[in-house]
Amino acid sequence: MITSGGIDNPGTGTVSETEVTGNHVIYSGTDLGGGAADAAIVNDGPLTLTYSRLTGNTANVTKDTQSFALGAGLISFAETTVENTVISENRSFAPGGFARAAVSNGIPAPGRLTVTGGAITDNTSDAPHGFAQGGGIANNALMTVSDVKISANRAIAKNGTAQGGGLYHAGGA
């Protein structure tokens, strides 16, 4: 798995008033089940992200390798707080694989992803002949979202399965 083209937070971190833009994470291997996780920020945290912009980042994988392109904007595996931040125009692309969200939450309980204020807009999860989940947010853990504009996000899977253009919620509360 290839992780983070922008910021990789393995410990306690704070990102404030920062623009993370135009980063790319690419899995170009041929092994089945490889992956590219997070072009902007990958968090093994805890992390606080405030008054920032995550825009125009991409996560791509090799065609037909059943690989994973995850969280082109932010992927979290530990407690994460996002406040008044814009996450837009990010793209996860996994032809024949699995594409998941601009914001992807896999935080184990009792940890939580909390998003307050800001916007999650114009993001795309694209997996032709594969699985696309949550163009804006894909969540399978505990999450709280309040006062956030979630709009114009897309989950696309031509000849595959697409779920949740704005928000895909698989578990948690």
# chains A, B, ... in the order shown; residues from 1 in each chain; ligands from 1

$ residues_around --residues "A:Lys63" --least-positions-apart "4" --cutoff "9 Å" --atoms "only C-alpha atoms" --output "MDAnalysis selection string"
chainID A and resid 28 30 67 94:97

$ closest_atom_pairs --of "stretch 47-154 of chain A" --to "stretch 4-17 of chain A" --cutoff "6 Å" --atoms "only C-alpha atoms" --output "Markdown table"
| residue | atom | partner | partner_atom | distance |
| --- | --- | --- | --- | --- |
| A:Leu47 | CA | A:Gly13 | CA | 4.7 |
| A:Thr48 | CA | A:Thr14 | CA | 4.8 |
| A:Leu49 | CA | A:Val15 | CA | 4.8 |
| A:Thr50 | CA | A:Ser16 | CA | 4.7 |
| A:Tyr51 | CA | A:Glu17 | CA | 4.8 |
| A:Ser52 | CA | A:Glu17 | CA | 4.6 |

$ closest_residue --among "A:Arg100, A:Arg91, A:His129, A:Arg53" --to "A:Gln163" --atoms "only C-alpha atoms"
A:Arg100

$ residues_around --residues "A:Pro110" --least-positions-apart "2" --cutoff "8 Å" --atoms "only C-alpha atoms" --output "ChimeraX atom specification"
/A:108,112,142

$ residues_around --residues "stretch 147-159 of chain A" --least-positions-apart "6" --cutoff "8 Å" --atoms "only C-alpha atoms" --output "ChimeraX atom specification"
/A:115-136,165-166

$ write_last_selection --atoms "N, CA and C atoms" --output "mmCIF file, in the first residue's frame"
data_model
loop_
_atom_site.group_PDB
_atom_site.id
_atom_site.type_symbol
_atom_site.label_atom_id
_atom_site.label_comp_id
_atom_site.auth_asym_id
_atom_site.auth_seq_id
_atom_site.Cartn_x
_atom_site.Cartn_y
_atom_site.Cartn_z
ATOM 1 N N VAL A 115 -16.687 16.218 12.052
ATOM 2 C CA VAL A 115 -16.549 17.255 11.031
ATOM 3 C C VAL A 115 -17.578 18.335 11.328
ATOM 4 N N THR A 116 -17.106 19.578 11.532
ATOM 5 C CA THR A 116 -17.968 20.697 11.875
ATOM 6 C C THR A 116 -17.631 21.888 10.978
ATOM 7 N N GLY A 117 -18.653 22.462 10.362
ATOM 8 C CA GLY A 117 -18.443 23.621 9.504
ATOM 9 C C GLY A 117 -17.697 23.254 8.234
ATOM 10 N N GLY A 118 -17.561 24.217 7.337
ATOM 11 C CA GLY A 118 -16.831 23.983 6.100
ATOM 12 C C GLY A 118 -17.680 23.315 5.041
ATOM 13 N N ALA A 119 -16.987 22.674 4.074
ATOM 14 C CA ALA A 119 -17.689 22.074 2.947
ATOM 15 C C ALA A 119 -16.923 20.876 2.408
ATOM 16 N N ILE A 120 -17.696 19.891 1.936
ATOM 17 C CA ILE A 120 -17.151 18.727 1.231
ATOM 18 C C ILE A 120 -17.903 18.686 -0.093
ATOM 19 N N THR A 121 -17.248 19.176 -1.166
ATOM 20 C CA THR A 121 -17.937 19.378 -2.433
ATOM 21 C C THR A 121 -17.102 18.934 -3.632
ATOM 22 N N ASP A 122 -17.810 18.520 -4.682
ATOM 23 C CA ASP A 122 -17.203 18.234 -5.986
ATOM 24 C C ASP A 122 -16.103 17.180 -5.938
ATOM 25 N N ASN A 123 -16.250 16.177 -5.106
ATOM 26 C CA ASN A 123 -15.291 15.073 -5.021
ATOM 27 C C ASN A 123 -15.845 13.859 -5.758
ATOM 28 N N THR A 124 -14.948 12.960 -6.197
ATOM 29 C CA THR A 124 -15.379 11.805 -6.976
ATOM 30 C C THR A 124 -14.662 10.533 -6.534
ATOM 31 N N SER A 125 -15.452 9.471 -6.334
ATOM 32 C CA SER A 125 -14.937 8.106 -6.216
ATOM 33 C C SER A 125 -15.347 7.405 -7.497
ATOM 34 N N ASP A 126 -14.387 6.909 -8.267
ATOM 35 C CA ASP A 126 -14.664 6.359 -9.584
ATOM 36 C C ASP A 126 -14.009 4.987 -9.702
ATOM 37 N N ALA A 127 -14.837 3.962 -9.947
ATOM 38 C CA ALA A 127 -14.325 2.596 -10.051
ATOM 39 C C ALA A 127 -15.067 1.840 -11.155
ATOM 40 N N PRO A 128 -14.725 2.105 -12.438
ATOM 41 C CA PRO A 128 -15.373 1.351 -13.501
ATOM 42 C C PRO A 128 -15.123 -0.149 -13.325
ATOM 43 N N HIS A 129 -16.178 -0.952 -13.468
ATOM 44 C CA HIS A 129 -16.096 -2.410 -13.285
ATOM 45 C C HIS A 129 -15.670 -2.783 -11.865
ATOM 46 N N GLY A 130 -15.891 -1.889 -10.917
ATOM 47 C CA GLY A 130 -15.497 -2.146 -9.528
ATOM 48 C C GLY A 130 -16.528 -1.605 -8.561
ATOM 49 N N PHE A 131 -16.066 -1.107 -7.405
ATOM 50 C CA PHE A 131 -16.920 -0.609 -6.336
ATOM 51 C C PHE A 131 -16.491 0.810 -5.976
ATOM 52 N N ALA A 132 -17.452 1.752 -6.001
ATOM 53 C CA ALA A 132 -17.203 3.139 -5.601
ATOM 54 C C ALA A 132 -18.121 3.475 -4.441
ATOM 55 N N GLN A 133 -17.546 4.022 -3.370
ATOM 56 C CA GLN A 133 -18.351 4.376 -2.198
ATOM 57 C C GLN A 133 -18.054 5.807 -1.777
ATOM 58 N N GLY A 134 -19.129 6.535 -1.471
ATOM 59 C CA GLY A 134 -19.026 7.844 -0.846
ATOM 60 C C GLY A 134 -18.112 8.820 -1.540
ATOM 61 N N GLY A 135 -18.571 9.463 -2.589
ATOM 62 C CA GLY A 135 -17.748 10.476 -3.242
ATOM 63 C C GLY A 135 -17.268 11.545 -2.275
ATOM 64 N N GLY A 136 -18.117 11.937 -1.330
ATOM 65 C CA GLY A 136 -17.748 12.934 -0.318
ATOM 66 C C GLY A 136 -17.161 12.303 0.923
ATOM 67 N N GLY A 165 -23.218 9.005 -3.189
ATOM 68 C CA GLY A 165 -22.475 10.087 -3.815
ATOM 69 C C GLY A 165 -21.943 11.093 -2.818
ATOM 70 N N GLY A 166 -22.791 11.540 -1.878
ATOM 71 C CA GLY A 166 -22.363 12.497 -0.860
ATOM 72 C C GLY A 166 -21.790 11.820 0.368
#

$ closest_residue --among "A:Ala141, A:Ala99, A:Ala39, A:Val20" --to "A:Thr80" --atoms "only C-alpha atoms"
A:Ala141

$ atom_distance --atom1 "atom CA of A:Val103" --atom2 "atom CA of A:Tyr27"
18.8 Å

$ select_by_dssp --residues "stretch 82-167 of chain A" --states "strand (DSSP E)" --output "PyMOL selection string"
chain A and resi 82-88+91-93+98-100+103-105+112-121+124-126+131-133+137-140+142-146+149-151+154-156+161-163+167

$ residues_around --residues "A:Met143" --least-positions-apart "5" --cutoff "12 Å" --atoms "only C-alpha atoms" --output "number ranges by chain"
A: 76, 78-82, 103-116, 137-138, 167-173
